[in-house]
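Input: a single structure, listed below in structure tokens.
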Amino acid sequence: MKAKITMVVSAVLAIVMLSCSADYKKTKSGLVYKIFSGGSKDSAAGFNNIVKYNVVYKINDSLLYDSHGKMPEFFVVSPQIVGSYSPFEIFTQVKKGDSVVTTQLVDTLFKKGMQQQIPFAKKGDNIKTFIKVIEIFRVDSIARKDYEAEVAKDTPRQQKEAQEADAKQKVIEEKEMQDYFAAKKITPVKAPKGTYVLINEKGSGEPATIGKFLTVKYAGRALKDDKPFDAGVYIFQLGPGNVIQGWHDGLALFNKGGKGTLYVPGTLAYGAQQGPAGPYAALIFDVEVLNISDTQEQADAAKRVTDSLAAKNLPRTN
């Protein structure tokens, strides 16, 4: 399989070499392109047809993406592509088996306001796209069936890559954590899923168990620079509640009245999402378990009493 993929990619690169000396055309929008005929006698793709293809994206001489060995791309041809200054603009000219080379100038893309879509690019760069048309579907139901088959075929690869990436990320995060602990001279305990917890007071009240509603006072900061990003009081259900996994993992080690600090690896915080400190950022939360209740209603009621007493500057009852 690997040899076959290498042969396909080599064929694409051969097209690149040929394209260096080939005569290019230009669309009205300014897109530079060249179509290499695959010899098909079929008609070109029309509006509402679905093009199935493999693609290679490069910026200057650097590879951005290669779909070979992965799931092919599917694209519905629509009138919106006309004048779009994108590789899809020439899809109404392609037939099954054709190969396509297009060149986009980053300067032109920036003028069209696409800086956010290509944050890796800078002025003067060019983006080259190499497309191999696998099939053109005229009937939506046939395209849908083929798409579903490709998804099923590609799912094991995606799962394997995700697992490998997750394993690598966890190694990076573990080193980051241990370096931080060594620098701070602290020895927190590790919760079952990987959150580290420094328990100052375990608490003498009811234990935090799955299904209970926890009222938690917290102050969050980024591990990389100790910069604060949020603080407050939050109620959530341990287990299914809407908080990061690091909270479910770490707060289960406390009882009511417990105080301590959670050190949450990026994969147990916001993962690839931006989050308060960036993608895969490790977070620190100083926490206090103010209350543990059986229901959301009980938790809300207890918090209202606490808030009322605080407003009157009265001592809180247990």
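The chains in the structure tokens are called A, B, ... from first to last as shown; in each chain the residues are counted from 1, and the ligands are counted from 1 in the order shown.
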Per DSSP on the backbone, what are the strand (DSSP E) residues of range 75-309 of chain A, as an mmCIF file with N, CA, C and O atoms, in the first residue's frame?
data_model
loop_
_atom_site.group_PDB
_atom_site.id
_atom_site.type_symbol
_atom_site.label_atom_id
_atom_site.label_comp_id
_atom_site.auth_asym_id
_atom_site.auth_seq_id
_atom_site.Cartn_x
_atom_site.Cartn_y
_atom_site.Cartn_z
ATOM 1 N N PHE A 75 -16.681 17.373 -4.030
ATOM 2 C CA PHE A 75 -17.045 18.783 -4.183
ATOM 3 C C PHE A 75 -18.262 18.911 -5.098
ATOM 4 O O PHE A 75 -18.276 18.367 -6.209
ATOM 5 N N VAL A 76 -19.278 19.637 -4.601
ATOM 6 C CA VAL A 76 -20.474 19.890 -5.399
ATOM 7 C C VAL A 76 -20.231 21.129 -6.247
ATOM 8 O O VAL A 76 -19.984 22.222 -5.724
ATOM 9 N N SER A 99 -6.128 15.632 -14.848
ATOM 10 C CA SER A 99 -5.274 16.175 -13.798
ATOM 11 C C SER A 99 -5.214 17.689 -13.965
ATOM 12 O O SER A 99 -5.256 18.192 -15.096
ATOM 13 N N VAL A 100 -5.114 18.385 -12.853
ATOM 14 C CA VAL A 100 -5.182 19.852 -12.882
ATOM 15 C C VAL A 100 -4.076 20.437 -12.020
ATOM 16 O O VAL A 100 -3.766 19.919 -10.952
ATOM 17 N N VAL A 101 -3.473 21.506 -12.497
ATOM 18 C CA VAL A 101 -2.522 22.293 -11.709
ATOM 19 C C VAL A 101 -3.019 23.731 -11.687
ATOM 20 O O VAL A 101 -3.331 24.287 -12.741
ATOM 21 N N THR A 102 -3.122 24.315 -10.494
ATOM 22 C CA THR A 102 -3.502 25.724 -10.394
ATOM 23 C C THR A 102 -2.503 26.457 -9.512
ATOM 24 O O THR A 102 -1.859 25.853 -8.643
ATOM 25 N N THR A 103 -2.375 27.764 -9.747
ATOM 26 C CA THR A 103 -1.508 28.615 -8.928
ATOM 27 C C THR A 103 -2.290 29.831 -8.462
ATOM 28 O O THR A 103 -2.896 30.544 -9.264
ATOM 29 N N GLN A 104 -2.279 30.041 -7.140
ATOM 30 C CA GLN A 104 -2.908 31.219 -6.549
ATOM 31 C C GLN A 104 -1.829 32.087 -5.914
ATOM 32 O O GLN A 104 -0.958 31.579 -5.197
ATOM 33 N N LEU A 105 -1.892 33.377 -6.172
ATOM 34 C CA LEU A 105 -0.964 34.319 -5.544
ATOM 35 C C LEU A 105 -1.527 34.734 -4.192
ATOM 36 O O LEU A 105 -2.678 35.158 -4.086
ATOM 37 N N ASN A 126 3.079 31.760 -3.094
ATOM 38 C CA ASN A 126 2.049 31.261 -4.010
ATOM 39 C C ASN A 126 1.637 29.868 -3.567
ATOM 40 O O ASN A 126 2.428 29.106 -3.007
ATOM 41 N N ILE A 127 0.373 29.558 -3.774
ATOM 42 C CA ILE A 127 -0.185 28.267 -3.389
ATOM 43 C C ILE A 127 -0.490 27.479 -4.655
ATOM 44 O O ILE A 127 -1.245 27.946 -5.516
ATOM 45 N N LYS A 128 0.091 26.293 -4.766
ATOM 46 C CA LYS A 128 -0.154 25.437 -5.910
ATOM 47 C C LYS A 128 -1.029 24.263 -5.487
ATOM 48 O O LYS A 128 -0.836 23.673 -4.433
ATOM 49 N N THR A 129 -1.990 23.947 -6.335
ATOM 50 C CA THR A 129 -2.913 22.848 -6.080
ATOM 51 C C THR A 129 -2.833 21.861 -7.230
ATOM 52 O O THR A 129 -2.907 22.258 -8.395
ATOM 53 N N PHE A 130 -2.678 20.587 -6.893
ATOM 54 C CA PHE A 130 -2.591 19.522 -7.892
ATOM 55 C C PHE A 130 -3.755 18.567 -7.671
ATOM 56 O O PHE A 130 -3.877 17.980 -6.593
ATOM 57 N N ILE A 131 -4.609 18.439 -8.660
ATOM 58 C CA ILE A 131 -5.841 17.667 -8.530
ATOM 59 C C ILE A 131 -5.867 16.529 -9.537
ATOM 60 O O ILE A 131 -5.516 16.713 -10.712
ATOM 61 N N LYS A 132 -6.285 15.356 -9.076
ATOM 62 C CA LYS A 132 -6.530 14.222 -9.953
ATOM 63 C C LYS A 132 -7.999 13.841 -9.816
ATOM 64 O O LYS A 132 -8.449 13.438 -8.740
ATOM 65 N N VAL A 133 -8.756 13.986 -10.901
ATOM 66 C CA VAL A 133 -10.193 13.707 -10.876
ATOM 67 C C VAL A 133 -10.412 12.196 -10.941
ATOM 68 O O VAL A 133 -10.026 11.543 -11.912
ATOM 69 N N ILE A 134 -11.039 11.653 -9.902
ATOM 70 C CA ILE A 134 -11.297 10.216 -9.836
ATOM 71 C C ILE A 134 -12.629 9.857 -10.492
ATOM 72 O O ILE A 134 -12.735 8.890 -11.238
ATOM 73 N N GLU A 135 -13.641 10.661 -10.194
ATOM 74 C CA GLU A 135 -14.976 10.367 -10.706
ATOM 75 C C GLU A 135 -15.804 11.633 -10.732
ATOM 76 O O GLU A 135 -15.548 12.572 -9.970
ATOM 77 N N ILE A 136 -16.772 11.679 -11.627
ATOM 78 C CA ILE A 136 -17.762 12.760 -11.653
ATOM 79 C C ILE A 136 -19.139 12.119 -11.558
ATOM 80 O O ILE A 136 -19.524 11.316 -12.412
ATOM 81 N N PHE A 137 -19.852 12.451 -10.494
ATOM 82 C CA PHE A 137 -21.180 11.883 -10.263
ATOM 83 C C PHE A 137 -22.251 12.837 -10.768
ATOM 84 O O PHE A 137 -22.237 14.024 -10.445
ATOM 85 N N VAL A 189 -0.563 14.564 43.640
ATOM 86 C CA VAL A 189 -0.937 13.187 43.298
ATOM 87 C C VAL A 189 -1.614 13.186 41.934
ATOM 88 O O VAL A 189 -2.143 14.210 41.483
ATOM 89 N N LYS A 190 -1.594 12.013 41.282
ATOM 90 C CA LYS A 190 -2.167 11.893 39.948
ATOM 91 C C LYS A 190 -3.535 11.230 40.024
ATOM 92 O O LYS A 190 -3.675 10.118 40.535
ATOM 93 N N TYR A 196 -3.277 16.221 37.742
ATOM 94 C CA TYR A 196 -2.500 16.223 38.988
ATOM 95 C C TYR A 196 -3.198 17.116 40.005
ATOM 96 O O TYR A 196 -3.718 18.187 39.652
ATOM 97 N N VAL A 197 -3.218 16.653 41.265
ATOM 98 C CA VAL A 197 -3.964 17.361 42.305
ATOM 99 C C VAL A 197 -3.082 17.568 43.535
ATOM 100 O O VAL A 197 -2.509 16.608 44.075
ATOM 101 N N LEU A 198 -2.987 18.798 43.967
ATOM 102 C CA LEU A 198 -2.306 19.129 45.224
ATOM 103 C C LEU A 198 -3.402 19.359 46.263
ATOM 104 O O LEU A 198 -4.162 20.335 46.169
ATOM 105 N N ILE A 199 -3.532 18.446 47.195
ATOM 106 C CA ILE A 199 -4.608 18.516 48.181
ATOM 107 C C ILE A 199 -4.094 19.221 49.435
ATOM 108 O O ILE A 199 -3.254 18.683 50.169
ATOM 109 N N ASN A 200 -4.595 20.408 49.673
ATOM 110 C CA ASN A 200 -4.248 21.141 50.891
ATOM 111 C C ASN A 200 -5.130 20.691 52.056
ATOM 112 O O ASN A 200 -4.664 20.485 53.172
ATOM 113 N N GLU A 201 -6.420 20.562 51.773
ATOM 114 C CA GLU A 201 -7.376 20.034 52.747
ATOM 115 C C GLU A 201 -8.337 19.128 51.975
ATOM 116 O O GLU A 201 -8.975 19.577 51.024
ATOM 117 N N PHE A 213 -23.871 17.084 42.734
ATOM 118 C CA PHE A 213 -23.705 18.437 42.206
ATOM 119 C C PHE A 213 -22.743 19.200 43.109
ATOM 120 O O PHE A 213 -23.020 19.402 44.293
ATOM 121 N N LEU A 214 -21.613 19.599 42.520
ATOM 122 C CA LEU A 214 -20.561 20.276 43.279
ATOM 123 C C LEU A 214 -20.638 21.787 43.052
ATOM 124 O O LEU A 214 -20.796 22.244 41.912
ATOM 125 N N THR A 215 -20.527 22.525 44.140
ATOM 126 C CA THR A 215 -20.401 23.980 44.058
ATOM 127 C C THR A 215 -18.929 24.299 44.345
ATOM 128 O O THR A 215 -18.438 24.049 45.459
ATOM 129 N N VAL A 216 -18.242 24.816 43.354
ATOM 130 C CA VAL A 216 -16.789 24.977 43.440
ATOM 131 C C VAL A 216 -16.388 26.440 43.259
ATOM 132 O O VAL A 216 -16.770 27.085 42.283
ATOM 133 N N LYS A 217 -15.628 26.934 44.211
ATOM 134 C CA LYS A 217 -14.991 28.244 44.069
ATOM 135 C C LYS A 217 -13.637 28.002 43.413
ATOM 136 O O LYS A 217 -12.884 27.118 43.840
ATOM 137 N N TYR A 218 -13.335 28.767 42.377
ATOM 138 C CA TYR A 218 -12.106 28.482 41.634
ATOM 139 C C TYR A 218 -11.423 29.763 41.162
ATOM 140 O O TYR A 218 -12.048 30.821 41.040
ATOM 141 N N ALA A 219 -10.129 29.631 40.887
ATOM 142 C CA ALA A 219 -9.343 30.687 40.237
ATOM 143 C C ALA A 219 -8.416 29.977 39.261
ATOM 144 O O ALA A 219 -7.624 29.116 39.657
ATOM 145 N N GLY A 220 -8.545 30.313 37.977
ATOM 146 C CA GLY A 220 -7.773 29.611 36.962
ATOM 147 C C GLY A 220 -6.633 30.443 36.412
ATOM 148 O O GLY A 220 -6.732 31.667 36.302
ATOM 149 N N ARG A 221 -5.543 29.747 36.068
ATOM 150 C CA ARG A 221 -4.410 30.418 35.437
ATOM 151 C C ARG A 221 -3.708 29.434 34.504
ATOM 152 O O ARG A 221 -3.888 28.215 34.616
ATOM 153 N N ALA A 222 -2.923 29.962 33.587
ATOM 154 C CA ALA A 222 -2.199 29.123 32.631
ATOM 155 C C ALA A 222 -0.928 28.586 33.276
ATOM 156 O O ALA A 222 -0.213 29.318 33.968
ATOM 157 N N PRO A 228 -3.381 34.601 35.270
ATOM 158 C CA PRO A 228 -4.791 34.328 35.584
ATOM 159 C C PRO A 228 -5.700 34.580 34.379
ATOM 160 O O PRO A 228 -5.436 35.479 33.573
ATOM 161 N N PHE A 229 -6.766 33.784 34.267
ATOM 162 C CA PHE A 229 -7.709 34.017 33.171
ATOM 163 C C PHE A 229 -9.170 34.009 33.616
ATOM 164 O O PHE A 229 -10.038 34.507 32.902
ATOM 165 N N ASP A 230 -9.471 33.472 34.811
ATOM 166 C CA ASP A 230 -10.871 33.443 35.232
ATOM 167 C C ASP A 230 -10.949 33.071 36.707
ATOM 168 O O ASP A 230 -10.039 32.441 37.256
ATOM 169 N N ALA A 231 -12.044 33.474 37.346
ATOM 170 C CA ALA A 231 -12.293 33.118 38.739
ATOM 171 C C ALA A 231 -13.782 33.250 39.001
ATOM 172 O O ALA A 231 -14.486 34.016 38.337
ATOM 173 N N GLY A 232 -14.283 32.486 39.968
ATOM 174 C CA GLY A 232 -15.698 32.575 40.282
ATOM 175 C C GLY A 232 -16.170 31.364 41.063
ATOM 176 O O GLY A 232 -15.382 30.630 41.664
ATOM 177 N N VAL A 233 -17.480 31.174 41.063
ATOM 178 C CA VAL A 233 -18.105 30.009 41.689
ATOM 179 C C VAL A 233 -18.945 29.310 40.634
ATOM 180 O O VAL A 233 -19.708 29.965 39.909
ATOM 181 N N TYR A 234 -18.814 27.983 40.547
ATOM 182 C CA TYR A 234 -19.517 27.253 39.490
ATOM 183 C C TYR A 234 -20.127 25.976 40.054
ATOM 184 O O TYR A 234 -19.514 25.296 40.886
ATOM 185 N N ILE A 235 -21.350 25.657 39.596
ATOM 186 C CA ILE A 235 -22.047 24.440 39.994
ATOM 187 C C ILE A 235 -22.104 23.493 38.809
ATOM 188 O O ILE A 235 -22.474 23.896 37.705
ATOM 189 N N PHE A 236 -21.733 22.235 39.026
ATOM 190 C CA PHE A 236 -21.806 21.254 37.942
ATOM 191 C C PHE A 236 -22.015 19.865 38.530
ATOM 192 O O PHE A 236 -21.759 19.628 39.717
ATOM 193 N N GLN A 237 -22.474 18.956 37.693
ATOM 194 C CA GLN A 237 -22.690 17.576 38.126
ATOM 195 C C GLN A 237 -21.447 16.752 37.817
ATOM 196 O O GLN A 237 -21.004 16.684 36.672
ATOM 197 N N LYS A 259 -9.933 21.802 49.860
ATOM 198 C CA LYS A 259 -9.224 22.877 49.172
ATOM 199 C C LYS A 259 -7.950 22.313 48.540
ATOM 200 O O LYS A 259 -7.312 21.418 49.103
ATOM 201 N N GLY A 260 -7.584 22.838 47.382
ATOM 202 C CA GLY A 260 -6.366 22.381 46.741
ATOM 203 C C GLY A 260 -6.181 23.004 45.378
ATOM 204 O O GLY A 260 -6.800 24.021 45.052
ATOM 205 N N THR A 261 -5.334 22.370 44.585
ATOM 206 C CA THR A 261 -5.018 22.893 43.253
ATOM 207 C C THR A 261 -5.036 21.758 42.242
ATOM 208 O O THR A 261 -4.479 20.686 42.494
ATOM 209 N N LEU A 262 -5.686 22.022 41.113
ATOM 210 C CA LEU A 262 -5.714 21.070 39.999
ATOM 211 C C LEU A 262 -4.718 21.520 38.937
ATOM 212 O O LEU A 262 -4.704 22.689 38.544
ATOM 213 N N TYR A 263 -3.908 20.582 38.462
ATOM 214 C CA TYR A 263 -2.994 20.837 37.356
ATOM 215 C C TYR A 263 -3.482 19.986 36.180
ATOM 216 O O TYR A 263 -3.312 18.766 36.179
ATOM 217 N N VAL A 264 -4.107 20.640 35.220
ATOM 218 C CA VAL A 264 -4.841 19.938 34.165
ATOM 219 C C VAL A 264 -4.046 19.939 32.857
ATOM 220 O O VAL A 264 -3.793 21.002 32.275
ATOM 221 N N LEU A 283 -3.612 23.920 32.278
ATOM 222 C CA LEU A 283 -4.243 24.933 33.126
ATOM 223 C C LEU A 283 -4.126 24.553 34.596
ATOM 224 O O LEU A 283 -4.036 23.373 34.944
ATOM 225 N N ILE A 284 -4.129 25.571 35.432
ATOM 226 C CA ILE A 284 -4.080 25.389 36.879
ATOM 227 C C ILE A 284 -5.335 26.008 37.488
ATOM 228 O O ILE A 284 -5.731 27.117 37.113
ATOM 229 N N PHE A 285 -5.957 25.284 38.420
ATOM 230 C CA PHE A 285 -7.128 25.818 39.115
ATOM 231 C C PHE A 285 -6.944 25.650 40.622
ATOM 232 O O PHE A 285 -6.768 24.531 41.111
ATOM 233 N N ASP A 286 -6.949 26.762 41.331
ATOM 234 C CA ASP A 286 -7.034 26.714 42.791
ATOM 235 C C ASP A 286 -8.512 26.557 43.122
ATOM 236 O O ASP A 286 -9.345 27.374 42.673
ATOM 237 N N VAL A 287 -8.864 25.515 43.855
ATOM 238 C CA VAL A 287 -10.275 25.190 44.046
ATOM 239 C C VAL A 287 -10.630 25.019 45.520
ATOM 240 O O VAL A 287 -9.783 24.671 46.354
ATOM 241 N N GLU A 288 -11.901 25.255 45.803
ATOM 242 C CA GLU A 288 -12.484 24.965 47.113
ATOM 243 C C GLU A 288 -13.878 24.404 46.863
ATOM 244 O O GLU A 288 -14.694 25.034 46.181
ATOM 245 N N VAL A 289 -14.155 23.226 47.412
ATOM 246 C CA VAL A 289 -15.470 22.600 47.250
ATOM 247 C C VAL A 289 -16.390 23.163 48.328
ATOM 248 O O VAL A 289 -16.345 22.738 49.494
ATOM 249 N N LEU A 290 -17.215 24.128 47.957
ATOM 250 C CA LEU A 290 -18.068 24.821 48.919
ATOM 251 C C LEU A 290 -19.246 23.968 49.366
ATOM 252 O O LEU A 290 -19.675 24.045 50.514
ATOM 253 N N ASN A 291 -19.785 23.167 48.430
ATOM 254 C CA ASN A 291 -20.977 22.401 48.773
ATOM 255 C C ASN A 291 -21.100 21.201 47.848
ATOM 256 O O ASN A 291 -20.609 21.214 46.712
ATOM 257 N N ILE A 292 -21.763 20.140 48.355
ATOM 258 C CA ILE A 292 -22.084 18.964 47.548
ATOM 259 C C ILE A 292 -23.553 18.641 47.764
ATOM 260 O O ILE A 292 -23.989 18.454 48.908
ATOM 261 N N SER A 293 -24.315 18.603 46.673
ATOM 262 C CA SER A 293 -25.764 18.416 46.754
ATOM 263 C C SER A 293 -26.208 17.240 45.897
ATOM 264 O O SER A 293 -25.489 16.792 45.006
#
Neighbours of range 90-96 of chain A within 8 Å (only C-alpha atoms; same-chain residues fewer than 5 positions away dropped), as a PDB file with C-alpha atoms, in the first residue's frame?
ATOM      1  CA  ILE A  35      -5.651  20.827 -17.331  1.00  0.00           C
ATOM      2  CA  SER A  37      -6.518  15.426 -20.200  1.00  0.00           C
ATOM      3  CA  GLY A  38      -7.129  11.891 -18.967  1.00  0.00           C
ATOM      4  CA  SER A  40     -12.205  10.559 -21.168  1.00  0.00           C
ATOM      5  CA  ASP A  42     -17.482  11.876 -21.099  1.00  0.00           C
ATOM      6  CA  SER A  43     -18.731  15.432 -20.792  1.00  0.00           C
ATOM      7  CA  ALA A  44     -17.164  17.847 -18.326  1.00  0.00           C
ATOM      8  CA  ALA A  45     -18.676  18.366 -14.882  1.00  0.00           C
ATOM      9  CA  GLY A  46     -21.724  20.596 -14.770  1.00  0.00           C
ATOM     10  CA  PHE A  47     -23.474  22.510 -12.035  1.00  0.00           C
ATOM     11  CA  VAL A  51     -16.473  15.753  -8.345  1.00  0.00           C
ATOM     12  CA  VAL A  77     -20.061  22.096  -8.478  1.00  0.00           C
ATOM     13  CA  VAL A 133     -10.193  13.707 -10.876  1.00  0.00           C
ATOM     14  CA  ILE A 134     -11.297  10.216  -9.836  1.00  0.00           C
ATOM     15  CA  GLU A 135     -14.976  10.367 -10.706  1.00  0.00           C
ATOM     16  CA  ILE A 136     -17.762  12.760 -11.653  1.00  0.00           C
TER      17      ILE A 136
END
Under the rule of at most 10 Å, produce a per-residue listing of range 6-101 of chain A near range 151-166 of chain A: chain, number, name, the closest pair of atoms, and the distance in Å, as JSON lines, using only C-alpha atoms.
{"residue": "A:Gly69", "atom": "CA", "partner": "A:Asp154", "partner_atom": "CA", "distance": 9.0}
{"residue": "A:Lys70", "atom": "CA", "partner": "A:Asp154", "partner_atom": "CA", "distance": 6.5}
{"residue": "A:Met71", "atom": "CA", "partner": "A:Asp154", "partner_atom": "CA", "distance": 5.7}
{"residue": "A:Pro72", "atom": "CA", "partner": "A:Val151", "partner_atom": "CA", "distance": 9.3}
Please save all heavy atoms of the selected residues as a PDB file, in the first residue's frame.
ATOM      1  N   GLY A  69      -3.776   8.216  -0.145  1.00  0.00           N
ATOM      2  CA  GLY A  69      -3.697   7.321   0.991  1.00  0.00           C
ATOM      3  C   GLY A  69      -4.694   7.672   2.071  1.00  0.00           C
ATOM      4  O   GLY A  69      -4.762   7.005   3.107  1.00  0.00           O
ATOM      5  N   LYS A  70      -5.470   8.704   1.852  1.00  0.00           N
ATOM      6  CA  LYS A  70      -6.518   9.122   2.785  1.00  0.00           C
ATOM      7  C   LYS A  70      -7.846   9.148   2.020  1.00  0.00           C
ATOM      8  O   LYS A  70      -7.922   8.710   0.880  1.00  0.00           O
ATOM      9  CB  LYS A  70      -6.199  10.512   3.355  1.00  0.00           C
ATOM     10  CG  LYS A  70      -4.853  10.588   4.049  1.00  0.00           C
ATOM     11  CD  LYS A  70      -4.536  12.000   4.475  1.00  0.00           C
ATOM     12  CE  LYS A  70      -3.142  12.075   5.081  1.00  0.00           C
ATOM     13  NZ  LYS A  70      -2.776  13.465   5.440  1.00  0.00           N
ATOM     14  N   MET A  71      -8.863   9.668   2.653  1.00  0.00           N
ATOM     15  CA  MET A  71     -10.158   9.752   1.987  1.00  0.00           C
ATOM     16  C   MET A  71     -10.121  10.814   0.902  1.00  0.00           C
ATOM     17  O   MET A  71      -9.682  11.935   1.131  1.00  0.00           O
ATOM     18  CB  MET A  71     -11.246  10.101   3.007  1.00  0.00           C
ATOM     19  CG  MET A  71     -12.630  10.195   2.391  1.00  0.00           C
ATOM     20  SD  MET A  71     -13.904  10.440   3.627  1.00  0.00           S
ATOM     21  CE  MET A  71     -15.290  10.889   2.570  1.00  0.00           C
ATOM     22  N   PRO A  72     -10.584  10.487  -0.327  1.00  0.00           N
ATOM     23  CA  PRO A  72     -10.642  11.499  -1.383  1.00  0.00           C
ATOM     24  C   PRO A  72     -11.594  12.637  -1.013  1.00  0.00           C
ATOM     25  O   PRO A  72     -12.443  12.499  -0.134  1.00  0.00           O
ATOM     26  CB  PRO A  72     -11.179  10.709  -2.593  1.00  0.00           C
ATOM     27  CG  PRO A  72     -10.921   9.282  -2.269  1.00  0.00           C
ATOM     28  CD  PRO A  72     -11.036   9.170  -0.778  1.00  0.00           C
TER      29      PRO A  72
END
| task | Return the single residue from A:Ala208, A:Leu63, A:Ala310, A:Val55 that is closest to Lys256 in chain A, with distances computed using only C-alpha atoms. | result |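 Closest candidate: A:Ala208.
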| query | So, counting only C-alpha atoms, which residue among A:Asn49, A:Thr27, A:Thr267, A:Gln178 is closest to Pro87 in chain A? | reply |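 That would be A:Thr27, the residue with the smallest distance to Pro87 in chain A.
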| field | DSSP helix (DSSP H, G or I) residues within range 189-260 of chain A, as a ChimeraX atom specification | value | /A:245-251
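A straight line drawn from CA of Glu297 in chain A to CA of Lys312 in chain A is 22.9 Å long.
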| request: Tell me which of A:Ser62, A:Gly266, A:Arg144, A:Ser308 sits closest to Ile172 in chain A, counting only C-alpha atoms. | output: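 Selected residue with least distance to Ile172 in chain A: A:Gly266.
The space separating CA of Leu223 in chain A from CA of Leu251 in chain A comes to 18.1 Å.
Counting only C-alpha atoms and comparing A:Gly211, A:Gly124, A:Gly271, A:Pro192, the residue that lies closest to Gly250 in chain A is A:Pro192.
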| What is the CA of Leu268 in chain A-CA of Gly239 in chain A distance in Å, reported with one decimal? | 13.7 Å
